[in-house]
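File shown: run20.cif (mmCIF, C-alpha atoms and all ligand atoms).
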```cif
data_run
#
loop_
_atom_site.label_atom_id
_atom_site.label_comp_id
_atom_site.auth_asym_id
_atom_site.auth_seq_id
_atom_site.Cartn_x
_atom_site.Cartn_y
_atom_site.Cartn_z
CA MET A 539 0.00 0.00 0.00
CA LYS A 540 1.50 3.30 -1.10
CA HIS A 541 -1.19 5.95 -1.26
CA VAL A 542 -3.83 6.56 1.42
CA SER A 543 -6.72 8.99 0.94
CA VAL A 544 -8.39 10.29 4.08
CA VAL A 545 -11.89 11.75 3.69
CA GLY A 546 -12.81 14.23 6.45
CA ALA A 547 -10.05 16.37 8.00
CA GLY A 548 -11.48 16.85 11.50
CA THR A 549 -10.10 15.58 14.81
CA MET A 550 -9.52 12.06 13.49
CA GLY A 551 -8.87 12.58 9.79
CA ARG A 552 -5.96 14.96 10.38
CA GLY A 553 -4.42 12.57 12.93
CA ILE A 554 -4.76 9.60 10.57
CA ALA A 555 -3.24 11.60 7.69
CA PHE A 556 -0.28 12.56 9.89
CA ALA A 557 0.29 8.96 11.07
CA CYS A 558 0.22 7.68 7.46
CA ALA A 559 2.64 10.37 6.23
CA LEU A 560 4.99 9.73 9.16
CA GLY A 561 4.85 6.04 8.23
CA GLY A 562 6.26 6.88 4.78
CA LEU A 563 3.05 6.74 2.74
CA THR A 564 1.78 9.40 0.35
CA VAL A 565 -1.48 10.90 1.53
CA SER A 566 -4.41 12.95 0.22
CA LEU A 567 -6.55 14.62 2.87
CA GLN A 568 -9.97 15.81 1.74
CA ASP A 569 -12.70 17.86 3.41
CA ILE A 570 -15.60 19.97 2.15
CA SER A 571 -14.60 22.73 4.58
CA GLU A 572 -11.64 24.99 3.68
CA SER A 573 -11.26 26.02 7.33
CA SER A 574 -11.10 22.39 8.43
CA LEU A 575 -8.35 21.73 5.87
CA GLU A 576 -6.39 24.79 7.03
CA ALA A 577 -6.70 23.72 10.68
CA ALA A 578 -5.62 20.20 9.66
CA LYS A 579 -2.53 21.54 7.91
CA SER A 580 -1.40 23.57 10.92
CA TYR A 581 -2.09 20.59 13.23
CA ILE A 582 -0.02 18.28 11.01
CA ASP A 583 2.85 20.80 10.70
CA LYS A 584 2.88 21.07 14.51
CA GLN A 585 2.95 17.29 14.92
CA PHE A 586 6.00 17.12 12.64
CA GLU A 587 7.70 19.86 14.71
CA LYS A 588 7.01 17.87 17.88
CA SER A 589 8.40 14.69 16.27
CA ILE A 590 11.61 16.57 15.34
CA GLU A 591 11.94 17.97 18.90
CA LYS A 592 11.53 14.47 20.34
CA GLY A 593 14.20 13.16 17.98
CA LYS A 594 11.79 10.74 16.29
CA ILE A 595 12.51 12.13 12.84
CA THR A 596 15.12 14.37 11.19
CA GLU A 597 14.23 17.77 9.79
CA GLU A 598 14.95 16.56 6.24
CA LYS A 599 12.74 13.49 6.63
CA ALA A 600 9.94 15.57 8.16
CA SER A 601 9.95 17.97 5.26
CA GLU A 602 9.91 15.03 2.82
CA CYS A 603 6.92 13.48 4.65
CA LYS A 604 5.10 16.84 4.78
CA GLY A 605 5.63 17.16 1.04
CA ASN A 606 3.91 13.81 0.60
CA ILE A 607 0.58 15.19 1.86
CA GLN A 608 -1.88 16.82 -0.52
CA TYR A 609 -4.84 18.80 0.83
CA SER A 610 -7.94 18.86 -1.32
CA ILE A 611 -11.51 20.06 -1.33
CA LYS A 612 -12.42 17.77 -4.25
CA LEU A 613 -13.26 14.19 -3.37
CA GLU A 614 -12.76 12.79 -6.86
CA GLU A 615 -9.29 14.31 -7.11
CA ALA A 616 -8.32 13.15 -3.60
CA ILE A 617 -9.18 9.48 -4.07
CA LYS A 618 -8.27 8.81 -7.70
CA ASN A 619 -4.88 7.20 -6.85
CA ALA A 620 -5.84 5.56 -3.56
CA ASP A 621 -4.79 2.06 -2.52
CA LEU A 622 -6.74 2.65 0.69
CA VAL A 623 -9.47 5.22 1.44
CA ILE A 624 -10.21 5.97 5.09
CA GLU A 625 -13.48 7.81 5.67
CA ALA A 626 -13.56 10.00 8.81
CA VAL A 627 -16.61 12.25 8.35
CA LEU A 628 -19.25 12.81 11.02
CA GLU A 629 -20.81 9.82 12.79
CA ILE A 630 -24.07 10.00 10.80
CA MET A 631 -25.08 6.83 8.95
CA GLU A 632 -26.83 8.64 6.06
CA LEU A 633 -23.69 10.73 5.48
CA LYS A 634 -21.37 7.71 5.59
CA ILE A 635 -23.61 5.88 3.11
CA GLU A 636 -23.61 8.87 0.75
CA MET A 637 -19.81 9.14 1.03
CA PHE A 638 -19.24 5.43 0.40
CA ARG A 639 -21.39 5.50 -2.75
CA LYS A 640 -19.26 8.35 -4.11
CA ILE A 641 -15.98 6.83 -2.96
CA ASP A 642 -16.86 3.49 -4.55
CA LYS A 643 -17.60 5.24 -7.84
CA HIS A 644 -14.33 7.20 -8.03
CA ALA A 645 -11.68 5.14 -6.18
CA PRO A 646 -9.55 2.65 -8.15
CA LYS A 647 -11.10 -0.82 -8.34
CA HIS A 648 -8.34 -2.41 -6.25
CA ALA A 649 -8.67 0.09 -3.38
CA ILE A 650 -9.75 -0.97 0.09
CA LEU A 651 -12.50 1.27 1.51
CA ALA A 652 -12.39 1.76 5.28
CA THR A 653 -14.60 3.67 7.69
CA ASN A 654 -13.30 5.12 10.94
CA THR A 655 -16.75 4.82 12.53
CA SER A 656 -16.68 4.43 16.32
CA THR A 657 -19.88 2.41 16.58
CA MET A 658 -21.75 1.87 13.31
CA SER A 659 -22.17 -1.16 11.08
CA PRO A 660 -19.46 -1.59 8.42
CA THR A 661 -21.78 -4.16 6.79
CA GLU A 662 -24.49 -1.55 6.26
CA ILE A 663 -21.95 0.93 4.86
CA ALA A 664 -20.27 -1.69 2.63
CA ALA A 665 -23.63 -2.79 1.21
CA GLN A 666 -23.83 0.55 -0.63
CA THR A 667 -20.75 -0.31 -2.68
CA SER A 668 -19.91 -2.67 -5.52
CA ARG A 669 -17.05 -4.17 -3.44
CA PRO A 670 -18.29 -5.14 0.04
CA GLU A 671 -15.47 -7.71 0.30
CA GLN A 672 -12.97 -4.81 0.13
CA CYS A 673 -14.74 -2.77 2.85
CA ILE A 674 -13.80 -2.78 6.53
CA ALA A 675 -13.95 -0.56 9.62
CA LEU A 676 -10.51 0.63 10.74
CA HIS A 677 -11.14 2.34 14.06
CA PHE A 678 -8.29 4.63 15.09
CA PHE A 679 -8.13 6.29 18.51
CA ASN A 680 -7.74 9.86 19.64
CA PRO A 681 -5.13 11.36 19.65
CA VAL A 682 -4.00 9.25 16.69
CA PRO A 683 -0.26 10.08 16.91
CA LYS A 684 -0.16 8.71 20.47
CA MET A 685 -2.61 5.82 20.40
CA LYS A 686 -1.22 2.45 19.33
CA LEU A 687 -4.41 0.59 18.45
CA ILE A 688 -6.42 0.14 15.28
CA GLU A 689 -9.56 -1.89 15.94
CA MET A 690 -10.35 -3.80 12.72
CA ILE A 691 -14.00 -4.72 12.32
CA LYS A 692 -14.98 -7.23 9.68
CA GLY A 693 -18.30 -6.70 7.98
CA LEU A 694 -20.36 -9.67 6.81
CA GLU A 695 -18.70 -9.76 3.38
CA THR A 696 -15.20 -8.48 4.31
CA SER A 697 -12.61 -10.85 2.82
CA ASN A 698 -9.70 -12.33 4.75
CA GLU A 699 -7.41 -10.66 2.23
CA THR A 700 -8.83 -7.23 3.12
CA VAL A 701 -8.26 -7.97 6.82
CA ALA A 702 -4.69 -9.15 6.16
CA MET A 703 -3.89 -6.08 4.05
CA SER A 704 -5.40 -3.78 6.66
CA LYS A 705 -3.31 -5.41 9.38
CA ALA A 706 -0.16 -5.01 7.28
CA PHE A 707 -1.06 -1.35 6.64
CA GLY A 708 -1.52 -0.76 10.40
CA GLU A 709 1.83 -2.35 11.19
CA SER A 710 3.55 -0.34 8.46
CA ILE A 711 2.56 2.90 10.24
CA GLY A 712 3.58 1.59 13.66
CA LYS A 713 0.15 0.60 14.99
CA ASP A 714 -1.06 -2.62 16.56
CA THR A 715 -4.37 -4.20 15.57
CA VAL A 716 -7.16 -6.31 17.02
CA GLU A 717 -9.74 -8.16 14.94
CA ILE A 718 -13.27 -7.75 16.23
CA ASN A 719 -16.53 -9.22 14.94
CA GLU A 720 -19.18 -6.68 14.05
CA TYR A 721 -21.58 -5.72 16.81
CA PRO A 722 -22.64 -2.14 17.65
CA GLY A 723 -19.84 -0.23 19.40
CA PHE A 724 -17.34 -3.05 18.68
CA ALA A 725 -15.10 -3.60 21.75
CA VAL A 726 -13.64 -0.23 22.73
CA SER A 727 -16.50 2.25 22.14
CA ARG A 728 -19.07 -0.09 23.67
CA MET A 729 -17.11 -0.20 26.92
CA ASN A 730 -15.79 3.35 26.86
CA CYS A 731 -19.14 5.03 26.08
CA LEU A 732 -20.73 3.22 29.01
CA ILE A 733 -17.99 4.34 31.44
CA GLY A 734 -18.17 7.94 30.16
CA ASN A 735 -21.97 8.03 30.37
CA GLU A 736 -21.90 6.66 33.92
CA ALA A 737 -19.39 9.35 34.90
CA MET A 738 -21.79 11.98 33.47
CA ASN A 739 -24.71 10.46 35.41
CA MET A 740 -22.58 10.55 38.56
CA LEU A 741 -21.73 14.20 37.95
CA MET A 742 -25.44 14.96 37.46
CA GLU A 743 -26.35 13.11 40.68
CA GLY A 744 -23.73 15.08 42.64
CA VAL A 745 -21.55 12.07 43.46
CA GLY A 746 -18.47 14.25 42.94
CA THR A 747 -17.01 17.10 40.93
CA ALA A 748 -15.72 16.42 37.39
CA GLU A 749 -12.16 16.76 38.74
CA ASP A 750 -12.75 14.25 41.54
CA ILE A 751 -14.58 11.70 39.39
CA ASP A 752 -11.72 11.83 36.85
CA LYS A 753 -9.08 11.69 39.59
CA ALA A 754 -10.80 8.67 41.15
CA MET A 755 -10.59 6.74 37.87
CA LYS A 756 -7.00 7.79 37.18
CA LEU A 757 -5.59 6.99 40.60
CA GLY A 758 -8.01 4.26 41.64
CA LEU A 759 -8.14 2.27 38.40
CA ASN A 760 -5.00 3.48 36.65
CA HIS A 761 -6.87 4.95 33.69
CA PRO A 762 -4.50 7.35 31.89
CA MET A 763 -7.31 9.89 31.50
CA GLY A 764 -10.53 10.46 33.43
CA PRO A 765 -13.79 9.64 31.56
CA LEU A 766 -14.97 13.26 31.53
CA GLU A 767 -11.71 14.74 30.24
CA LEU A 768 -11.66 11.97 27.64
CA ALA A 769 -15.21 12.85 26.51
CA ASP A 770 -14.07 16.49 26.16
CA LEU A 771 -11.16 15.32 24.01
CA VAL A 772 -13.40 13.15 21.81
CA GLY A 773 -15.89 16.00 21.33
CA LEU A 774 -19.25 15.93 23.09
CA ASP A 775 -21.21 16.12 19.81
CA THR A 776 -19.35 13.06 18.52
CA ARG A 777 -19.87 11.26 21.84
CA LEU A 778 -23.60 12.08 21.82
CA ARG A 779 -23.96 10.58 18.31
CA ASN A 780 -22.13 7.46 19.54
CA MET A 781 -24.47 7.17 22.54
CA GLU A 782 -27.58 7.70 20.42
CA TYR A 783 -26.54 4.93 18.05
CA LEU A 784 -25.73 2.54 20.90
CA TYR A 785 -29.03 3.40 22.63
CA GLU A 786 -30.89 2.68 19.40
CA THR A 787 -29.09 -0.62 18.76
CA LEU A 788 -28.22 -2.00 22.22
CA GLY A 789 -30.95 -0.49 24.39
CA GLU A 790 -31.66 1.28 27.64
CA LYS A 791 -28.30 1.06 29.38
CA TYR A 792 -26.85 3.33 26.66
CA ARG A 793 -29.44 6.13 27.06
CA PRO A 794 -27.38 9.37 26.70
CA CYS A 795 -27.02 11.24 29.99
CA PRO A 796 -29.19 14.43 29.99
CA ILE A 797 -26.11 16.55 30.84
CA LEU A 798 -24.44 15.41 27.62
CA VAL A 799 -27.53 16.38 25.61
CA LYS A 800 -27.72 19.75 27.38
CA TYR A 801 -24.04 20.57 26.82
CA VAL A 802 -24.24 19.75 23.12
CA LYS A 803 -27.35 21.95 22.75
CA ALA A 804 -25.43 24.78 24.46
CA GLY A 805 -22.48 24.40 22.09
CA ARG A 806 -20.19 23.15 24.89
CA LEU A 807 -18.56 20.54 22.70
CA GLY A 808 -15.40 19.94 24.73
CA ARG A 809 -11.82 20.92 23.95
CA LYS A 810 -12.44 21.89 20.34
CA ALA A 811 -15.04 24.48 21.46
CA GLY A 812 -13.00 25.74 24.44
CA LYS A 813 -15.51 24.40 26.96
CA GLY A 814 -17.07 21.07 27.89
CA PHE A 815 -16.89 19.46 31.31
CA TYR A 816 -13.78 21.64 31.75
CA ASP A 817 -12.94 25.18 30.66
CA TYR A 818 -10.10 25.35 28.09
CA SER A 819 -10.46 29.02 27.26
CA LYS A 820 -7.39 30.09 29.26
P1 LIG A 901 -15.02 16.02 13.45
O1 LIG A 901 -16.35 16.68 13.63
O2 LIG A 901 -13.85 16.52 14.21
O3 LIG A 901 -14.61 16.04 11.87
C1 LIG A 901 -15.47 15.64 10.84
C2 LIG A 901 -15.00 16.29 9.56
O4 LIG A 901 -15.77 15.78 8.47
C3 LIG A 901 -15.17 17.83 9.55
O5 LIG A 901 -13.93 18.46 9.25
C4 LIG A 901 -16.20 18.06 8.44
O6 LIG A 901 -15.99 19.27 7.72
C5 LIG A 901 -15.94 16.84 7.56
N1 LIG A 901 -17.05 16.54 6.66
C6 LIG A 901 -18.38 16.60 6.88
N2 LIG A 901 -19.05 16.25 5.77
C7 LIG A 901 -18.12 15.95 4.83
C8 LIG A 901 -18.19 15.53 3.49
N3 LIG A 901 -19.37 15.35 2.86
N4 LIG A 901 -17.04 15.33 2.79
C9 LIG A 901 -15.83 15.52 3.40
N5 LIG A 901 -15.71 15.93 4.68
C10 LIG A 901 -16.84 16.14 5.38
O7 LIG A 901 -15.28 14.47 13.73
P2 LIG A 901 -14.23 13.38 14.29
O8 LIG A 901 -14.21 13.45 15.77
O9 LIG A 901 -12.96 13.49 13.52
O10 LIG A 901 -14.99 12.04 13.90
C11 LIG A 901 -14.92 11.50 12.59
C12 LIG A 901 -15.27 10.01 12.67
O11 LIG A 901 -14.30 9.35 13.49
C13 LIG A 901 -16.64 9.72 13.26
O12 LIG A 901 -17.19 8.60 12.62
C14 LIG A 901 -16.30 9.41 14.72
O13 LIG A 901 -17.25 8.61 15.37
C15 LIG A 901 -14.97 8.67 14.55
N6 LIG A 901 -14.08 8.66 15.72
C16 LIG A 901 -13.94 9.77 16.49
C17 LIG A 901 -13.07 9.74 17.59
C18 LIG A 901 -12.86 10.96 18.45
O14 LIG A 901 -12.27 10.82 19.54
N7 LIG A 901 -13.26 12.16 18.04
C19 LIG A 901 -12.35 8.57 17.88
C20 LIG A 901 -12.49 7.46 17.03
C21 LIG A 901 -13.36 7.51 15.96
#
```
This entry written out as structure tokens:
Amino acid sequence: MKHVSVVGAGTMGRGIAFACALGGLTVSLQDISESSLEAAKSYIDKQFEKSIEKGKITEEKASECKGNIQYSIKLEEAIKNADLVIEAVLEIMELKIEMFRKIDKHAPKHAILATNTSTMSPTEIAAQTSRPEQCIALHFFNPVPKMKLIEMIKGLETSNETVAMSKAFGESIGKDTVEINEYPGFAVSRMNCLIGNEAMNMLMEGVGTAEDIDKAMKLGLNHPMGPLELADLVGLDTRLRNMEYLYETLGEKYRPCPILVKYVKAGRLGRKAGKGFYDYSK
């Protein structure tokens, strides 16, 4: 695999594009929003600077890798040479379906089509294409440069060859993989969304402050981040969509906490908006 096209340049898309470029692949990063592409470019440039400072890469190599990334507003242009397309648009099934129909039409026939969905059915998405055996969910984690795992979720028709090639791709960019059978929320989101939602319910019930609930999980259970700070990092709008899908598919225990709904309505979307469970404005 030589060329990866990433569709959607938000929190995840820009991280995935950086990881692929750092891994020596050529990359096209596409988004319909100019401002999202600009923000993605400055994020990626900053990640390369950090990698140089940490001694992970030389200045020459970083500038070569940066030169291997193309930013594009046009989907057709961005995916025409892809060996692998990774879709990272919003967690809305209708949108993913629309994107996969277009991607299937314009990507080379040999290309693998992956979705970075956190919860949704890769089978349903793949069914919109002429190549369901070449479709898979490749679930990266936030922040992509730091997180080792790619959760690979096989849809009903996903071939073993697609899984093997996806695993080899993951390894080539320094990630580790797990193979999970399709079920809503897969392994990580199903567990993580439940923990995060319970932390929100506890906050609402006055069990503790956000700081103390997070501290309890970090020091008591050795979680690297508290569930509320993690939800802020993910984005509360994204987390709410995840919860709504899990509630719809897995039932009552995934009912989104009312605080989460309220915060999203208020525009408190977490870190990216400057405020969520914590205030990042300073
Ligand atoms: P985000 O809101 O940060 O970014 C989404 C991007 O998609 C935006 O830049 C938007 O302009 C772009 N977009 C919307 N419609 C588009 C279209 N038609 N064509 C091209 N681009 C379009 O969202 P995110 O947090 O990066 O999430 C993306 C996906 O990754 C979702 O499926 C989400 O569930 C999943 N995911 C998110 C996280 C996380 O922590 N945020 C972790 C793992 C997986």
### Message
If we count all atoms listed in the file and set the cut-off at 9 Å, which residues sit around A:Leu807, ignoring sequence neighbours fewer than 3 positions away in its own chain? Please answer as JSON, numbers by chain.
### Response
{"A": [770, 773, 774, 775, 776, 801, 802, 803, 804, 810, 811, 812, 813, 814, 815]}
### Message
Show me which residues line ligand LIG 901 (chain A), defined as having an atom within 9 Å of a ligand atom where all atoms listed in the file count, and present them as a ChimeraX atom specification.
### Response
/A:545-553,568-575,578,611-613,625-631,633-634,636-637,653-658,677-682,727,768-777,779-780,810
Could you save those same residues with C-alpha atoms as a compact mmCIF listing (two decimals), in the frame of the given file?
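Now in part_0.txt:
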```txt
# COMPACT_ATOMS: atom_id res chain seq x y z
CA VAL A 545 -11.89 11.75 3.69
CA GLY A 546 -12.81 14.23 6.45
CA ALA A 547 -10.05 16.37 8.00
CA GLY A 548 -11.48 16.85 11.50
CA THR A 549 -10.10 15.58 14.81
CA MET A 550 -9.52 12.06 13.49
CA GLY A 551 -8.87 12.58 9.79
CA ARG A 552 -5.96 14.96 10.38
CA GLY A 553 -4.42 12.57 12.93
CA GLN A 568 -9.97 15.81 1.74
CA ASP A 569 -12.70 17.86 3.41
CA ILE A 570 -15.60 19.97 2.15
CA SER A 571 -14.60 22.73 4.58
CA GLU A 572 -11.64 24.99 3.68
CA SER A 573 -11.26 26.02 7.33
CA SER A 574 -11.10 22.39 8.43
CA LEU A 575 -8.35 21.73 5.87
CA ALA A 578 -5.62 20.20 9.66
CA ILE A 611 -11.51 20.06 -1.33
CA LYS A 612 -12.42 17.77 -4.25
CA LEU A 613 -13.26 14.19 -3.37
CA GLU A 625 -13.48 7.81 5.67
CA ALA A 626 -13.56 10.00 8.81
CA VAL A 627 -16.61 12.25 8.35
CA LEU A 628 -19.25 12.81 11.02
CA GLU A 629 -20.81 9.82 12.79
CA ILE A 630 -24.07 10.00 10.80
CA MET A 631 -25.08 6.83 8.95
CA LEU A 633 -23.69 10.73 5.48
CA LYS A 634 -21.37 7.71 5.59
CA GLU A 636 -23.61 8.87 0.75
CA MET A 637 -19.81 9.14 1.03
CA THR A 653 -14.60 3.67 7.69
CA ASN A 654 -13.30 5.12 10.94
CA THR A 655 -16.75 4.82 12.53
CA SER A 656 -16.68 4.43 16.32
CA THR A 657 -19.88 2.41 16.58
CA MET A 658 -21.75 1.87 13.31
CA HIS A 677 -11.14 2.34 14.06
CA PHE A 678 -8.29 4.63 15.09
CA PHE A 679 -8.13 6.29 18.51
CA ASN A 680 -7.74 9.86 19.64
CA PRO A 681 -5.13 11.36 19.65
CA VAL A 682 -4.00 9.25 16.69
CA SER A 727 -16.50 2.25 22.14
CA LEU A 768 -11.66 11.97 27.64
CA ALA A 769 -15.21 12.85 26.51
CA ASP A 770 -14.07 16.49 26.16
CA LEU A 771 -11.16 15.32 24.01
CA VAL A 772 -13.40 13.15 21.81
CA GLY A 773 -15.89 16.00 21.33
CA LEU A 774 -19.25 15.93 23.09
CA ASP A 775 -21.21 16.12 19.81
CA THR A 776 -19.35 13.06 18.52
CA ARG A 777 -19.87 11.26 21.84
CA ARG A 779 -23.96 10.58 18.31
CA ASN A 780 -22.13 7.46 19.54
CA LYS A 810 -12.44 21.89 20.34
```
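Interatomic distance, atom CA of A:Lys599 against atom CA of A:Gly562: 9.4 Å.
Considering the residues A:Ala748, A:Leu784, A:Ile554, A:Ile711 and counting only C-alpha atoms, A:Phe724 has its shortest atom-to-atom contact with A:Leu784.
Atom CA of A:Ala725 sits 26.8 Å away from atom CA of A:Asp750.
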### Task
Quick one: everything within 10 Å of A:Leu788, counting all atoms listed in the file, minus sequence neighbours fewer than 4 positions away in the same chain. Send it as a ChimeraX atom specification.
/A:721-723,728,781-784,792-793
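In this model, the gap between atom CA of A:Phe707 and atom CA of A:Ala557 comes to 11.3 Å.
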Give the centre and edge lengths of an axis-aligned box, in Å to one decimal, that holds all listed atoms of stretch 641-644 of chain A with 5 Å on each side, as JSON.
```
{"center_x": -16.0, "center_y": 5.3, "center_z": -5.5, "size_x": 13.3, "size_y": 13.7, "size_z": 15.1}
```
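For the residues A:Leu778, A:Met742, A:Ile624, A:Val726, ranking by smallest atom-to-atom distance to A:Ser566 using only C-alpha atoms places A:Ile624 first.
Across A:His644, A:Ala620, A:Gly734, A:Leu560, the tightest approach to A:Ile595 is made by A:Leu560 when counting all atoms listed in the file.
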### Task
Tell me which protein, DNA and RNA residues are within 10 Å of A:Leu651, counting only C-alpha atoms, leaving out same-chain ones fewer than 2 positions away, and put them as a PyMOL selection string.
chain A and resi 543+620-625+638+641-642+645+648-649+653+664+667+669-676+700
### Query
Smallest atom-to-atom distance to A:Asn739: which of A:Lys579, A:Lys756, A:Lys791, A:Lys643, using only C-alpha atoms?
A:Lys791
### Query
Of the residues A:Leu687, A:Val542, A:Ala600, A:Leu741, which is the one nearest to A:Ala652, using only C-alpha atoms?
A:Val542
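Each of A:Glu576, A:Leu732, A:Leu757, A:Ala555 was compared to A:Gly789 using only C-alpha atoms, and A:Leu732 turns out to be the nearest.
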